[in-house]
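Trainee: Following this message is one structure expressed as structure tokens.
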Amino acid sequence: MIDEARTSSDFDDLHVAAKSTSHASAAKTLLDEDHAAYACRISRSDSSDSRSDALYIKFTPGLNSLFPEEQEQSYSSHRAYKLGNGMQATMEAGSADVYYPCKVKGTDSPFSVTGSFYSTLDLRPETRFRTLFRSSQEMSKLLNCENDIKFPDPATMKYLPLQKD
């Protein structure tokens, strides 16, 4: 991803956001406080304002799925992917999302985790998903998900067929 991002004219202006983030702190926030947390934030300016972010990865617990299970199509601006085992992914301009269930030891039912990747840099869809999936894999380890969470190779993913006009 870094090699691809270096081709952007904005690359030299990027730096880690003023507010520190990590996968470990994001996992703790999801489990202890039950709300969204950033695992990574890269800004264009030395500001804690999220509007200055050039790239972020954020995790949110307990959201509904990204699209209805019975959905069978994508749209020109919104690609939908069924990944199996209750997992879903979507992609729009500059962003990618993944939804997966996480069965945590000592709980009766899985809770859901949604990972979101956003970037103003011109990154290929495979790069966005590869980065998001690696980050989500790390998050699932830190959350101690007991269920088998395996993300596909983004190069082999096929989105649902486009809606016909």
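Identifiers in this document derive from the order of the structure tokens: chains are assigned A, B, ..., residues are numbered from 1 separately in each chain, and ligands are numbered from 1 in order of occurrence.
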Could you go through range 48-146 of chain A and tell me which residues DSSP, when run on the backbone, assigns to alpha helix (DSSP H), listing them as a list in words?
Mentor: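 So, restricting range 48-146 of chain A to alpha helix (DSSP H), we get Pro125, Glu126, Thr127, Arg128, Phe129, Arg130, Thr131, Leu132, Phe133, Arg134, Ser135, Ser136, Gln137, Glu138, Met139, Ser140, Lys141 and Leu142 of chain A.
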Trainee: Those same residues - N, CA and C atoms - I'd like them written as a PDB file, in the first residue's frame.
Mentor:
ATOM      1  N   PRO A 125      -8.702  -1.108  -5.612  1.00  0.00           N
ATOM      2  CA  PRO A 125      -9.615  -1.846  -4.730  1.00  0.00           C
ATOM      3  C   PRO A 125      -8.919  -3.009  -4.018  1.00  0.00           C
ATOM      4  N   GLU A 126      -8.058  -3.757  -4.725  1.00  0.00           N
ATOM      5  CA  GLU A 126      -7.368  -4.885  -4.096  1.00  0.00           C
ATOM      6  C   GLU A 126      -6.490  -4.407  -2.946  1.00  0.00           C
ATOM      7  N   THR A 127      -5.865  -3.255  -3.093  1.00  0.00           N
ATOM      8  CA  THR A 127      -5.015  -2.701  -2.037  1.00  0.00           C
ATOM      9  C   THR A 127      -5.858  -2.312  -0.833  1.00  0.00           C
ATOM     10  N   ARG A 128      -6.991  -1.677  -1.086  1.00  0.00           N
ATOM     11  CA  ARG A 128      -7.880  -1.293   0.025  1.00  0.00           C
ATOM     12  C   ARG A 128      -8.327  -2.528   0.796  1.00  0.00           C
ATOM     13  N   PHE A 129      -8.815  -3.549   0.076  1.00  0.00           N
ATOM     14  CA  PHE A 129      -9.292  -4.757   0.752  1.00  0.00           C
ATOM     15  C   PHE A 129      -8.150  -5.508   1.440  1.00  0.00           C
ATOM     16  N   ARG A 130      -7.002  -5.611   0.796  1.00  0.00           N
ATOM     17  CA  ARG A 130      -5.882  -6.332   1.410  1.00  0.00           C
ATOM     18  C   ARG A 130      -5.499  -5.673   2.740  1.00  0.00           C
ATOM     19  N   THR A 131      -5.404  -4.354   2.749  1.00  0.00           N
ATOM     20  CA  THR A 131      -5.066  -3.614   3.964  1.00  0.00           C
ATOM     21  C   THR A 131      -6.150  -3.787   5.025  1.00  0.00           C
ATOM     22  N   LEU A 132      -7.406  -3.655   4.630  1.00  0.00           N
ATOM     23  CA  LEU A 132      -8.522  -3.801   5.571  1.00  0.00           C
ATOM     24  C   LEU A 132      -8.596  -5.219   6.123  1.00  0.00           C
ATOM     25  N   PHE A 133      -8.410  -6.227   5.276  1.00  0.00           N
ATOM     26  CA  PHE A 133      -8.479  -7.613   5.746  1.00  0.00           C
ATOM     27  C   PHE A 133      -7.350  -7.941   6.710  1.00  0.00           C
ATOM     28  N   ARG A 134      -6.147  -7.455   6.439  1.00  0.00           N
ATOM     29  CA  ARG A 134      -5.031  -7.698   7.374  1.00  0.00           C
ATOM     30  C   ARG A 134      -5.305  -7.023   8.708  1.00  0.00           C
ATOM     31  N   SER A 135      -5.820  -5.823   8.656  1.00  0.00           N
ATOM     32  CA  SER A 135      -6.159  -5.102   9.878  1.00  0.00           C
ATOM     33  C   SER A 135      -7.289  -5.817  10.624  1.00  0.00           C
ATOM     34  N   SER A 136      -8.279  -6.306   9.899  1.00  0.00           N
ATOM     35  CA  SER A 136      -9.408  -7.020  10.512  1.00  0.00           C
ATOM     36  C   SER A 136      -8.955  -8.350  11.113  1.00  0.00           C
ATOM     37  N   GLN A 137      -8.016  -9.006  10.469  1.00  0.00           N
ATOM     38  CA  GLN A 137      -7.475 -10.254  11.012  1.00  0.00           C
ATOM     39  C   GLN A 137      -6.783  -9.983  12.348  1.00  0.00           C
ATOM     40  N   GLU A 138      -6.004  -8.915  12.408  1.00  0.00           N
ATOM     41  CA  GLU A 138      -5.353  -8.526  13.658  1.00  0.00           C
ATOM     42  C   GLU A 138      -6.392  -8.201  14.725  1.00  0.00           C
ATOM     43  N   MET A 139      -7.451  -7.479  14.326  1.00  0.00           N
ATOM     44  CA  MET A 139      -8.506  -7.131  15.281  1.00  0.00           C
ATOM     45  C   MET A 139      -9.206  -8.377  15.800  1.00  0.00           C
ATOM     46  N   SER A 140      -9.499  -9.339  14.939  1.00  0.00           N
ATOM     47  CA  SER A 140     -10.187 -10.558  15.389  1.00  0.00           C
ATOM     48  C   SER A 140      -9.321 -11.346  16.373  1.00  0.00           C
ATOM     49  N   LYS A 141      -7.996 -11.317  16.200  1.00  0.00           N
ATOM     50  CA  LYS A 141      -7.094 -11.967  17.176  1.00  0.00           C
ATOM     51  C   LYS A 141      -7.154 -11.248  18.514  1.00  0.00           C
ATOM     52  N   LEU A 142      -7.097  -9.922  18.489  1.00  0.00           N
ATOM     53  CA  LEU A 142      -7.126  -9.143  19.736  1.00  0.00           C
ATOM     54  C   LEU A 142      -8.470  -9.236  20.448  1.00  0.00           C
TER      55      LEU A 142
END
Trainee: Could you give me the residues within chain A that DSSP places in strand (DSSP E), as a PyMOL selection string?
Mentor: chain A and resi 15-16+37-43+53-61+79-84+87-92+95-102+111-119
Trainee: So, counting only C-alpha atoms, which residue among A:Leu31, A:Met157, A:Ala39, A:Leu55 is closest to Ser95 in chain A?
Mentor: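 For Ser95 in chain A, the nearest of the given residues is A:Leu55.
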Trainee: Report, in Å with one decimal, the straight-line distance from CA of Gly94 in chain A to CA of Tyr81 in chain A.
Mentor: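 Going from CA of Gly94 in chain A over to CA of Tyr81 in chain A covers 16.4 Å.
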Trainee: Between A:Ser65, A:Gln163, A:Gln88, A:Asn144, which has the minimum distance to Ala27 in chain A (counting only C-alpha atoms)?
Mentor: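 Closest to Ala27 in chain A of all the choices is A:Asn144.
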Trainee: Show which residues sit within 7 Å of range 103-110 of chain A, as a PDB file with C-alpha atoms, in the first residue's frame. Count only C-alpha atoms, and ignore same-chain residues fewer than 6 positions away.
Mentor:
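This is the output file result-v6.pdb:
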ATOM      1  CA  ASN A 144     -10.212 -13.342  20.827  1.00  0.00           C
ATOM      2  CA  CYS A 145     -12.799 -14.355  18.232  1.00  0.00           C
ATOM      3  CA  GLU A 146     -13.232 -18.121  18.566  1.00  0.00           C
ATOM      4  CA  ASN A 147     -14.963 -18.608  15.219  1.00  0.00           C
TER       5      ASN A 147
END
Trainee: With distances taken over only C-alpha atoms, which of A:Lys158, A:Ser22, A:Phe59, A:Glu69 is nearest to Gly115 in chain A?
Mentor: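 Smallest distance to Gly115 in chain A is found for A:Phe59.
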Trainee: Skipping near chain neighbours, those fewer than 2 positions away, what residues fall within 12 Å of Glu70 in chain A using only C-alpha atoms, listed as number ranges by chain?
Mentor: A: 65-68, 72-73, 80, 82, 160
Trainee: Calculate how many Å separate CA of Leu83 in chain A from CA of Tyr159 in chain A, rounding to one decimal.
Mentor: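 Distance between the two atoms: 9.6 Å.
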Trainee: What's the 6 Å shell around Ile57 in chain A, counting only C-alpha atoms, without same-chain residues fewer than 4 positions away, as a count of residues only?
Mentor: 5
Trainee: When you count only C-alpha atoms, which of these residues is closest to Val98 in chain A: A:Ser119, A:Gly62, A:Phe151, A:Ala54?
Mentor: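 Checking each candidate against Val98 in chain A, we get A:Phe151 as the closest.
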Trainee: Using only C-alpha atoms, can you tell me which of A:Ala155, A:Tyr56, A:Leu30, A:His78 comes closest to Cys102 in chain A?
Mentor: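 Among A:Ala155, A:Tyr56, A:Leu30, A:His78, it is A:Leu30 that comes nearest to Cys102 in chain A.
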Trainee: Between CA of Leu123 in chain A and CA of Pro154 in chain A, what is the distance, to one decimal in Å?
Mentor: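 About the pair CA of Leu123 in chain A and CA of Pro154 in chain A: they are 13.3 Å apart.
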